[in-house]
Each structure stands twice: as structure tokens, then as C-alpha cells.
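Asks: run19.cif is reproduced in full below (mmCIF, C-alpha atoms).
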data_input
loop_
_atom_site.label_atom_id
_atom_site.label_comp_id
_atom_site.auth_asym_id
_atom_site.auth_seq_id
_atom_site.Cartn_x
_atom_site.Cartn_y
_atom_site.Cartn_z
CA MET A 48 -34.86 -131.71 34.76
CA GLY A 49 -37.81 -133.34 32.98
CA THR A 50 -38.71 -133.78 29.34
CA PHE A 51 -40.69 -131.47 27.06
CA ARG A 52 -43.71 -132.43 24.98
CA ASP A 53 -42.87 -130.20 22.02
CA GLN A 54 -39.24 -129.95 20.91
CA PHE A 55 -37.80 -127.81 18.12
CA THR A 56 -34.33 -127.63 16.58
CA PHE A 57 -33.57 -124.43 14.68
CA ALA A 58 -30.95 -125.12 12.01
CA LEU A 59 -28.89 -122.10 10.93
CA SER A 60 -26.18 -121.55 8.33
CA GLY A 61 -22.71 -122.95 8.90
CA GLY A 62 -23.97 -126.03 10.73
CA ARG A 63 -25.11 -123.98 13.73
CA SER A 64 -28.31 -124.63 15.65
CA PHE A 65 -30.21 -124.11 18.89
CA TRP A 66 -32.96 -126.09 20.64
CA LEU A 67 -36.29 -125.16 22.24
CA GLY A 68 -38.52 -127.36 24.38
CA VAL A 69 -42.07 -126.28 25.34
CA GLY A 70 -44.50 -127.92 27.76
CA LEU A 71 -42.71 -129.64 30.64
CA ASN A 72 -43.82 -133.18 31.45
CA GLY A 73 -43.53 -133.38 35.22
CA PRO A 74 -44.91 -135.43 38.15
CA GLY A 75 -47.99 -133.18 38.24
CA GLY A 76 -48.67 -133.51 34.53
CA LEU A 77 -48.05 -131.18 31.62
CA ASN A 78 -46.96 -127.61 32.44
CA THR A 79 -47.41 -125.51 29.29
CA GLY A 80 -45.95 -122.49 31.07
CA ARG A 81 -42.46 -123.99 31.12
CA ALA A 82 -39.93 -123.86 28.28
CA ARG A 83 -36.23 -124.54 27.93
CA LEU A 84 -33.80 -122.99 25.47
CA GLU A 85 -30.40 -124.60 24.84
CA PHE A 86 -27.73 -122.87 22.75
CA ASN A 87 -24.05 -122.03 22.45
CA PRO A 88 -23.72 -118.24 22.84
CA ASN A 89 -20.33 -118.28 21.12
CA LYS A 90 -21.94 -119.72 17.98
CA VAL A 91 -25.49 -118.33 17.89
CA GLY A 92 -25.62 -115.66 20.60
CA GLN A 93 -25.73 -112.83 18.06
CA CYS A 94 -28.16 -114.48 15.65
CA ARG A 95 -31.46 -112.69 14.99
CA GLU A 96 -33.25 -116.04 14.99
CA LEU A 97 -32.20 -116.83 18.55
CA ARG A 98 -32.96 -113.33 19.84
CA TRP A 99 -36.41 -113.47 18.25
CA VAL A 100 -37.29 -116.86 19.78
CA TYR A 101 -35.79 -115.84 23.14
CA ASN A 102 -37.85 -112.64 23.28
CA LEU A 103 -41.04 -114.46 22.33
CA CYS A 104 -40.50 -116.83 25.27
CA PHE A 105 -39.54 -113.95 27.56
CA ASP A 106 -42.67 -111.96 26.68
CA ALA A 107 -44.88 -115.03 27.14
CA CYS A 108 -43.81 -115.13 30.80
CA GLY A 109 -45.82 -111.95 31.42
CA ALA A 110 -45.17 -110.16 34.70
CA LYS A 111 -43.41 -112.98 36.50
CA PRO A 112 -40.69 -111.58 38.82
CA PHE A 113 -38.05 -114.04 37.55
CA PRO A 114 -39.13 -115.15 34.07
CA VAL A 115 -35.71 -116.61 33.18
CA SER A 116 -33.57 -118.97 35.22
CA LEU A 117 -30.24 -120.51 34.30
CA ARG A 118 -30.24 -124.24 34.99
CA ARG A 119 -26.88 -125.40 33.66
CA TRP A 120 -24.02 -124.01 31.58
CA ASP A 121 -20.60 -124.99 30.28
CA LEU A 122 -17.51 -122.93 31.00
CA ALA A 123 -15.07 -123.32 28.10
CA VAL A 124 -11.36 -122.53 28.46
CA ASP A 125 -9.12 -122.57 25.39
CA LEU A 126 -5.53 -123.54 26.14
CA PRO A 127 -2.91 -122.63 23.53
CA GLY A 128 -1.00 -125.76 22.65
CA GLU A 129 -1.31 -129.21 21.15
CA ARG A 130 -3.48 -131.87 22.78
CA GLY A 131 -0.46 -133.94 23.76
CA GLU A 132 0.79 -131.08 25.95
CA PHE A 133 -2.11 -131.38 28.42
CA GLU A 134 -3.28 -134.14 30.74
CA LEU A 135 -6.54 -134.22 32.75
CA LEU A 136 -5.56 -135.86 36.03
CA LYS A 137 -7.85 -138.32 37.77
CA ASP A 138 -9.51 -137.35 41.06
CA GLY A 139 -12.51 -138.72 42.97
CA ARG A 140 -14.85 -138.23 40.02
CA LEU A 141 -15.77 -140.86 37.44
CA TYR A 142 -13.06 -141.01 34.76
CA GLU A 143 -13.64 -141.84 31.09
CA GLU A 144 -11.41 -141.59 28.04
CA LEU A 145 -11.90 -141.83 24.29
CA ARG A 146 -8.63 -142.19 22.38
CA ARG A 147 -8.13 -142.65 18.66
CA SER A 148 -4.55 -141.35 18.65
CA ALA A 149 -2.25 -139.21 20.79
CA SER A 150 -3.72 -136.05 19.26
CA ASP A 151 -7.33 -137.29 18.91
CA ARG A 152 -7.95 -137.94 22.58
CA THR A 153 -10.82 -136.84 24.87
CA GLN A 154 -10.76 -137.18 28.66
CA TYR A 155 -13.77 -136.86 30.96
CA LEU A 156 -14.31 -136.45 34.69
CA GLY A 157 -17.66 -136.58 36.47
CA LYS A 158 -21.19 -137.63 35.64
CA ARG A 159 -22.61 -136.73 32.23
CA ASN A 160 -24.87 -133.60 32.15
CA SER A 161 -24.15 -132.81 35.80
CA PRO A 162 -22.27 -129.98 37.55
CA GLY A 163 -18.61 -130.88 37.83
CA ARG A 164 -18.44 -132.74 34.52
CA CYS A 165 -15.10 -131.97 32.83
CA LYS A 166 -13.99 -132.55 29.27
CA LEU A 167 -10.52 -132.05 27.78
CA TYR A 168 -10.20 -132.44 24.01
CA ASN A 169 -8.50 -131.32 20.81
CA LYS A 170 -10.35 -128.16 19.75
CA THR A 171 -8.14 -127.75 16.68
CA LEU A 172 -9.24 -131.13 15.36
CA GLU A 173 -12.89 -130.69 16.35
CA SER A 174 -13.28 -127.26 14.70
CA ASN A 175 -10.63 -127.56 11.97
CA LEU A 176 -8.63 -124.61 13.31
CA SER A 177 -5.34 -123.41 11.88
CA ILE A 178 -3.63 -123.06 15.29
CA PRO A 179 -3.09 -125.65 18.06
CA VAL A 180 -5.79 -125.27 20.73
CA THR A 181 -6.82 -127.67 23.51
CA ARG A 182 -10.17 -126.98 25.16
CA LEU A 183 -11.26 -127.63 28.74
CA GLU A 184 -15.01 -127.59 29.41
CA LEU A 185 -16.55 -127.59 32.89
CA THR A 186 -20.31 -128.02 33.41
CA LEU A 187 -21.68 -125.72 36.13
CA ASP A 188 -24.91 -125.32 38.04
CA GLY A 189 -26.96 -122.27 37.11
CA VAL A 190 -27.28 -121.10 40.72
CA ALA A 191 -24.24 -122.37 42.61
CA CYS A 192 -21.72 -120.91 40.18
CA GLY A 193 -19.80 -118.34 42.18
CA ALA A 194 -16.02 -118.27 42.00
CA ASP A 195 -15.69 -120.42 45.14
CA ASP A 196 -18.16 -122.99 43.76
CA VAL A 197 -16.23 -123.25 40.51
CA ARG A 198 -12.88 -123.37 42.24
CA SER A 199 -14.07 -126.42 44.23
CA LEU A 200 -14.90 -128.19 40.93
CA TRP A 201 -11.88 -126.99 38.97
CA PRO A 202 -9.95 -130.02 37.72
CA LYS A 203 -6.22 -130.46 37.77
CA VAL A 204 -4.98 -130.13 34.20
CA LEU A 205 -1.27 -130.71 33.84
CA ARG A 206 0.67 -128.92 31.14
CA VAL A 207 3.40 -131.25 29.94
CA PRO A 208 5.87 -129.57 27.56
CA ARG A 209 6.87 -131.56 24.52
CA VAL A 210 10.26 -133.20 24.65
CA VAL A 211 11.43 -131.06 21.76
CA GLN A 212 10.63 -127.95 23.82
CA MET A 213 12.70 -129.16 26.77
CA GLY A 214 15.59 -130.22 24.58
CA ALA A 215 18.76 -131.79 25.92
CA GLU A 216 17.80 -131.02 29.54
CA TRP A 217 15.08 -133.69 29.37
CA PHE A 218 17.37 -136.36 27.99
CA GLY A 219 19.83 -135.64 30.78
CA LEU A 220 17.30 -136.75 33.42
CA ASN A 221 17.16 -140.24 34.85
CA ASP A 222 13.87 -141.99 35.68
CA THR A 223 13.90 -140.69 39.28
CA ASP A 224 14.40 -137.09 38.15
CA ARG A 225 11.56 -137.39 35.63
CA PHE A 226 9.26 -138.69 38.37
CA ILE A 227 10.26 -135.78 40.62
CA LEU A 228 9.69 -133.35 37.76
CA ARG A 229 6.17 -134.62 37.11
CA THR A 230 5.41 -134.22 40.83
CA LEU A 231 6.78 -130.68 40.79
CA TRP A 232 4.61 -129.75 37.81
CA GLN A 233 1.63 -130.54 40.02
CA GLN A 234 3.12 -129.05 43.20
CA PRO A 235 5.74 -126.46 42.17
CA GLU A 236 6.02 -125.14 45.73
CA ARG A 237 7.84 -128.36 46.69
CA LEU A 238 10.84 -127.35 44.58
CA GLU A 239 12.29 -125.73 47.71
CA GLU A 240 12.41 -129.13 49.41
CA LEU A 241 15.19 -130.26 47.04
CA GLY A 242 18.88 -129.73 47.53
CA ARG A 243 20.53 -126.82 45.74
CA ARG A 244 22.06 -128.86 42.89
CA LYS A 245 18.84 -130.78 42.16
CA ARG A 246 16.81 -127.58 42.49
CA ASP A 247 18.99 -125.70 40.01
CA LYS A 248 18.82 -128.63 37.59
CA LEU A 249 15.02 -128.98 37.61
CA ALA A 250 13.89 -125.37 38.08
CA PRO A 251 13.89 -124.43 34.34
CA LEU A 252 11.90 -127.56 33.48
CA VAL A 253 9.43 -126.93 36.30
CA ALA A 254 8.82 -123.43 34.94
CA ALA A 255 8.11 -124.87 31.47
CA GLY A 256 5.20 -126.98 32.74
CA GLY A 257 2.68 -126.87 35.58
CA VAL A 258 -1.05 -126.94 36.17
CA VAL A 259 -3.71 -124.80 34.52
CA GLU A 260 -4.86 -122.24 37.09
CA PHE A 261 -8.37 -120.88 37.59
CA ASP A 262 -8.60 -117.27 36.30
CA ASP A 263 -10.89 -115.24 38.59
CA ALA A 264 -10.93 -112.14 36.36
CA ALA A 265 -11.83 -114.09 33.21
CA PHE A 266 -14.56 -115.96 35.10
CA LEU A 267 -16.07 -112.69 36.31
CA ARG A 268 -16.36 -111.54 32.70
CA CYS A 269 -18.23 -114.77 31.91
CA LEU A 270 -20.69 -114.10 34.74
CA GLU A 271 -21.31 -110.60 33.41
CA GLU A 272 -22.12 -112.09 30.00
CA LEU A 273 -24.47 -114.60 31.61
CA GLY A 274 -26.26 -111.79 33.43
CA GLY A 275 -27.24 -110.30 30.08
CA TRP A 276 -29.14 -113.48 29.22
CA MET A 277 -31.39 -113.00 32.25
CA LYS A 278 -32.93 -109.98 30.50
CA ARG A 279 -34.87 -109.38 27.32
CA ARG A 280 -32.54 -109.26 24.33
CA ARG A 281 -32.17 -106.27 22.02
CA GLU A 282 -35.32 -106.11 19.91
CA CYS A 283 -35.10 -107.03 16.26
CA ASP A 284 -37.53 -107.91 13.48
CA PRO A 285 -38.45 -111.57 13.05
CA PRO A 286 -36.08 -113.35 10.66
CA GLY A 287 -37.20 -112.85 7.08
CA TYR A 288 -39.84 -110.33 8.11
CA GLY A 289 -39.59 -106.62 7.41
CA GLY A 290 -42.37 -105.28 9.64
CA ARG A 291 -42.72 -104.53 13.34
CA TRP A 292 -43.06 -107.09 16.12
CA GLU A 293 -46.69 -106.23 16.83
CA ASN A 294 -47.60 -106.91 13.19
CA ALA A 295 -45.99 -110.35 13.04
CA GLU A 296 -48.23 -113.38 13.20
#
Would it be possible to restate this file's structure as C-alpha cells?
Replies:
Amino acid sequence: MGTFRDQFTFALSGGRSFWLGVGLNGPGGLNTGRARLEFNPNKVGQCRELRWVYNLCFDACGAKPFPVSLRRWDLAVDLPGERGEFELLKDGRLYEELRRSASDRTQYLGKRNSPGRCKLYNKTLESNLSIPVTRLELTLDGVACGADDVRSLWPKVLRVPRVVQMGAEWFGLNDTDRFILRTLWQQPERLEELGRRKRDKLAPLVAAGGVVEFDDAAFLRCLEELGGWMKRRRECDPPGYGGRWENAE
């Protein structure tokens, strides 16, 4: 994506920040008409400082038909539950893991800073939350990010109920049954392949676990939010300035 000659980090209250790069260094030399803005809309999307900088960049584009393009973004999915209840399963992508303990564990799939990169980690620990939350993040391309594109990149995240949640039913399983159960969590439709007695025994435990499914409706709402960032943001006065935009230096 190239590097930028001038780079700025805007530090806000509460440890929040956003980044701006101006002047793209490319194969043809310096392009002062290119800029990149990187930010987390959940943290700074409503900040006056970001809207002011964004609108300055937007206005500097003049009458270009498509002044703003989305290059890359992260889809974040918060899963209610402790980190130990979820497992990011390996597939054909590069796998990495950082583990300090059972609860302080981060799993990765895919190449860093590339579409298809997945990250599963303890959001409660990272953000000091009061409730158990595990977060899945999926890096997406700014153009090829329709529902079908995302579904092809969606990782298999297994929800594994804690032993205390399954109770005595778990302890009544032998090693073979536990292996079958783990398979059924990934492929619940195969429950019908079992005999009636085995099916009745495992069905409640299968229902307690399973894989995290892709939510089309929730993803559509994310795309609608992204669409708003392709336009000029609601006008506001520059931070710390009480006058009008045209009077600001």
C-alpha cells in the first residue's frame, strides 16, 4: 500500500488516537494528493477531532468523483463468554498463537495486515471489562467485502462449553464419546448418523456447543455504517475553535 512522507498521530483523551499519513511515496515518486486515515470508529468515530481532520482531507480532494476509498477494515465480533470457551480451528491459512495462560491466549490465522487475517482473543482482559467477552476480528478488503466474500473467509470458531456447564453428563462420557462430541460440535448435522441411544445421549451436549455462525443481518448493518464514511461527515467547528470553518486558519 506504500508509505507516507508525513505521518501524524492524534492523541485523544482516554488513550484513544487516530493516524493520518500524507504524501504517498510510490514507484513514480511522491504523490502529495494521496492521504490515508486509520482509526477505530468504535473508539473515535464520534470525536470532533476526527470529523474535522476527515472533512479537511475530503474537501482537499476537490471535485474528484470518488474522493474516498476504503482499502482495508476489520470486522469485530464480540462473543459472550470466557476465552476458554472458544477455539479458533486451524485451516489452510498460516496459524500463530500467543499464550500466557488459558485465559490470556490469542490465536491468529492468515497473513498479517492482509484480507483473511483472523484474531481470537480475550476482550475482557484487553479492555478491562466487567463481563466475559471473547472477540473475533477478521481483516477484510475494502472492495471485495460483500457477504459472499466474507463468508469465504469466515473462520471456524468452535464454542466449547465449560465442564461445569455440562455437569455430570460430561463425566459420563468415555474418550470415544468425547471425540465424537467434538466432531459433532463442528458438524452438528452428523448427529443423525448415530444410533438412537448414542444420539439421545449426546444431543443435549451438542446443543450446548457448536461453531460461531456468520450473521448476514449484522454484517449488512456494518456495511451501512461503512457507507457513511464514504461521504463528508457532519460539519462541526475545529476542536478548540469557536468560529466558522471558513474563518479557521
Asks: With only C-alpha atoms as the atoms that count, which of A:Leu220, A:Val207, A:Leu84, A:Leu273 lies nearest to Gly256 of chain A?
Replies: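 The closest residue to Gly256 of chain A is A:Val207.
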Asks: From the list A:Arg152, A:Arg164, A:Arg83, A:Arg281, which residue is nearest Phe65 of chain A when using all atoms listed in the file?
Replies: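 That would be A:Arg83, the residue with the smallest distance to Phe65 of chain A.
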Asks: Can you pull out the residues contacting segment 123-137 of chain A? Cut-off 6 Å, using only C-alpha atoms, and skip same-chain residues under 3 positions away; I want them as a list in words.
Replies: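 Residues meeting the cut-off are Ser150, Asn169, Pro179, Val180, Thr181, Arg182, Leu183, Glu184, Lys203, Val204, Leu205, Arg206, Val207 and Pro208 of chain A.
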Asks: Grab the atom CA of Gly157 of chain A to atom CA of Gly139 of chain A distance for me, in Å with one decimal place.
Replies: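 Computing the Euclidean distance for atom CA of Gly157 of chain A and atom CA of Gly139 of chain A yields 8.6 Å.
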Asks: Given the file above and the PyMOL selection byres ((chain A and resi 186-194) around 7), which residues are selected, and can you give them as a ChimeraX atom specification?
Replies: /A:117-122,161-165,184-185,195-198,263
Asks: When the PyMOL selection byres ((chain A and resi 100) around 10) is applied to the structure above, which residues does it catch, written out as a list in words?
Replies: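 For this structure, the PyMOL selection byres ((chain A and resi 100) around 10) resolves to Phe57, Leu67, Leu84, Arg95, Glu96, Leu97, Arg98, Trp99, Tyr101, Asn102, Leu103, Cys104, Phe105, Pro285 and Pro286 of chain A.
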Asks: Grab the residues selected above and save them as a PDB file, in the coordinates of the input with C-alpha atoms.
Replies:
ATOM      1  CA  PHE A  57     -33.570-124.430  14.680  1.00  0.00           C
ATOM      2  CA  LEU A  67     -36.290-125.160  22.240  1.00  0.00           C
ATOM      3  CA  LEU A  84     -33.800-122.990  25.470  1.00  0.00           C
ATOM      4  CA  ARG A  95     -31.460-112.690  14.990  1.00  0.00           C
ATOM      5  CA  GLU A  96     -33.250-116.040  14.990  1.00  0.00           C
ATOM      6  CA  LEU A  97     -32.200-116.830  18.550  1.00  0.00           C
ATOM      7  CA  ARG A  98     -32.960-113.330  19.840  1.00  0.00           C
ATOM      8  CA  TRP A  99     -36.410-113.470  18.250  1.00  0.00           C
ATOM      9  CA  TYR A 101     -35.790-115.840  23.140  1.00  0.00           C
ATOM     10  CA  ASN A 102     -37.850-112.640  23.280  1.00  0.00           C
ATOM     11  CA  LEU A 103     -41.040-114.460  22.330  1.00  0.00           C
ATOM     12  CA  CYS A 104     -40.500-116.830  25.270  1.00  0.00           C
ATOM     13  CA  PHE A 105     -39.540-113.950  27.560  1.00  0.00           C
ATOM     14  CA  PRO A 285     -38.450-111.570  13.050  1.00  0.00           C
ATOM     15  CA  PRO A 286     -36.080-113.350  10.660  1.00  0.00           C
TER      16      PRO A 286
END
Asks: For Leu71 of chain A, please output as a PyMOL selection string all residues within 8 Å (counting all atoms listed in the file; exclusion window: fewer than 2 positions along the same chain).
Replies: chain A and resi 49-52+68-69+73+77-82
Asks: Can you work out which one of A:Lys278, A:Lys166, A:Arg237, A:Lys248 has the shortest atom-to-atom distance to Pro202 of chain A, counting all atoms listed in the file?
Replies: A:Lys166
Asks: If you count all atoms listed in the file, which residues fall within 7 Å of Trp232 of chain A, apart from same-chain ones fewer than 2 positions away, as an NGL selection string?
Replies: :A and (228-230 or 234-235 or 253 or 256-258)
Asks: How many Å separate atom CA of Leu241 of chain A from atom CA of Asp262 of chain A?
Replies: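 Distance between the two atoms: 29.2 Å.
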Asks: Just the number, please: distance in Å from atom CA of Leu141 of chain A to atom CA of Lys158 of chain A, one decimal.
Replies: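 Computing it gives 6.6 Å between the two atoms.
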Asks: Is it possible to add N, CA, C and O atoms to segment 96-117 of chain A and hand it back as a tab-separated table (two decimals), in the coordinates of the input?
Replies:
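What ended up in rebuild-v9.tsv:
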chain	number	residue	atom	x	y	z
A	96	GLU	N	-32.29	-114.97	14.76
A	96	GLU	CA	-33.25	-116.04	14.99
A	96	GLU	C	-33.35	-116.39	16.47
A	96	GLU	O	-34.44	-116.58	17.01
A	97	LEU	N	-32.19	-116.49	17.13
A	97	LEU	CA	-32.20	-116.83	18.55
A	97	LEU	C	-32.80	-115.70	19.37
A	97	LEU	O	-33.62	-115.95	20.27
A	98	ARG	N	-32.43	-114.46	19.08
A	98	ARG	CA	-32.96	-113.33	19.84
A	98	ARG	C	-34.48	-113.26	19.69
A	98	ARG	O	-35.20	-112.95	20.65
A	99	TRP	N	-34.97	-113.53	18.49
A	99	TRP	CA	-36.41	-113.47	18.25
A	99	TRP	C	-37.14	-114.55	19.07
A	99	TRP	O	-38.13	-114.25	19.76
A	100	VAL	N	-36.66	-115.77	19.02
A	100	VAL	CA	-37.29	-116.86	19.78
A	100	VAL	C	-37.16	-116.58	21.28
A	100	VAL	O	-38.12	-116.78	22.04
A	101	TYR	N	-36.00	-116.13	21.71
A	101	TYR	CA	-35.79	-115.84	23.14
A	101	TYR	C	-36.78	-114.79	23.62
A	101	TYR	O	-37.42	-114.95	24.67
A	102	ASN	N	-36.94	-113.71	22.87
A	102	ASN	CA	-37.85	-112.64	23.28
A	102	ASN	C	-39.30	-113.07	23.27
A	102	ASN	O	-40.10	-112.64	24.12
A	103	LEU	N	-39.68	-113.93	22.33
A	103	LEU	CA	-41.04	-114.46	22.33
A	103	LEU	C	-41.31	-115.25	23.62
A	103	LEU	O	-42.37	-115.11	24.25
A	104	CYS	N	-40.35	-116.07	24.03
A	104	CYS	CA	-40.50	-116.83	25.27
A	104	CYS	C	-40.51	-115.90	26.48
A	104	CYS	O	-41.30	-116.07	27.42
A	105	PHE	N	-39.63	-114.91	26.46
A	105	PHE	CA	-39.54	-113.95	27.56
A	105	PHE	C	-40.86	-113.21	27.72
A	105	PHE	O	-41.39	-113.08	28.84
A	106	ASP	N	-41.42	-112.71	26.62
A	106	ASP	CA	-42.67	-111.96	26.68
A	106	ASP	C	-43.83	-112.83	27.11
A	106	ASP	O	-44.78	-112.36	27.75
A	107	ALA	N	-43.79	-114.13	26.76
A	107	ALA	CA	-44.88	-115.03	27.14
A	107	ALA	C	-44.93	-115.28	28.64
A	107	ALA	O	-45.96	-115.74	29.16
A	108	CYS	N	-43.84	-114.95	29.34
A	108	CYS	CA	-43.81	-115.13	30.80
A	108	CYS	C	-44.64	-114.08	31.51
A	108	CYS	O	-44.92	-114.21	32.71
A	109	GLY	N	-45.01	-113.00	30.80
A	109	GLY	CA	-45.82	-111.95	31.42
A	109	GLY	C	-45.08	-111.20	32.49
A	109	GLY	O	-43.91	-110.83	32.32
A	110	ALA	N	-45.74	-110.99	33.63
A	110	ALA	CA	-45.17	-110.16	34.70
A	110	ALA	C	-44.51	-110.98	35.79
A	110	ALA	O	-44.39	-110.52	36.93
A	111	LYS	N	-44.08	-112.17	35.49
A	111	LYS	CA	-43.41	-112.98	36.50
A	111	LYS	C	-42.15	-112.27	36.99
A	111	LYS	O	-41.41	-111.70	36.18
A	112	PRO	N	-41.87	-112.31	38.31
A	112	PRO	CA	-40.69	-111.58	38.82
A	112	PRO	C	-39.37	-112.12	38.29
A	112	PRO	O	-38.42	-111.38	38.08
A	113	PHE	N	-39.28	-113.42	38.07
A	113	PHE	CA	-38.05	-114.04	37.55
A	113	PHE	C	-38.41	-114.94	36.37
A	113	PHE	O	-38.48	-116.17	36.51
A	114	PRO	N	-38.67	-114.34	35.21
A	114	PRO	CA	-39.13	-115.15	34.07
A	114	PRO	C	-38.07	-116.10	33.51
A	114	PRO	O	-38.41	-117.10	32.89
A	115	VAL	N	-36.79	-115.79	33.74
A	115	VAL	CA	-35.71	-116.61	33.18
A	115	VAL	C	-34.83	-117.13	34.31
A	115	VAL	O	-34.46	-116.37	35.21
A	116	SER	N	-34.51	-118.40	34.27
A	116	SER	CA	-33.57	-118.97	35.22
A	116	SER	C	-32.54	-119.78	34.45
A	116	SER	O	-32.85	-120.39	33.43
A	117	LEU	N	-31.32	-119.75	34.92
A	117	LEU	CA	-30.24	-120.51	34.30
A	117	LEU	C	-30.09	-121.82	35.04
A	117	LEU	O	-29.81	-121.84	36.24
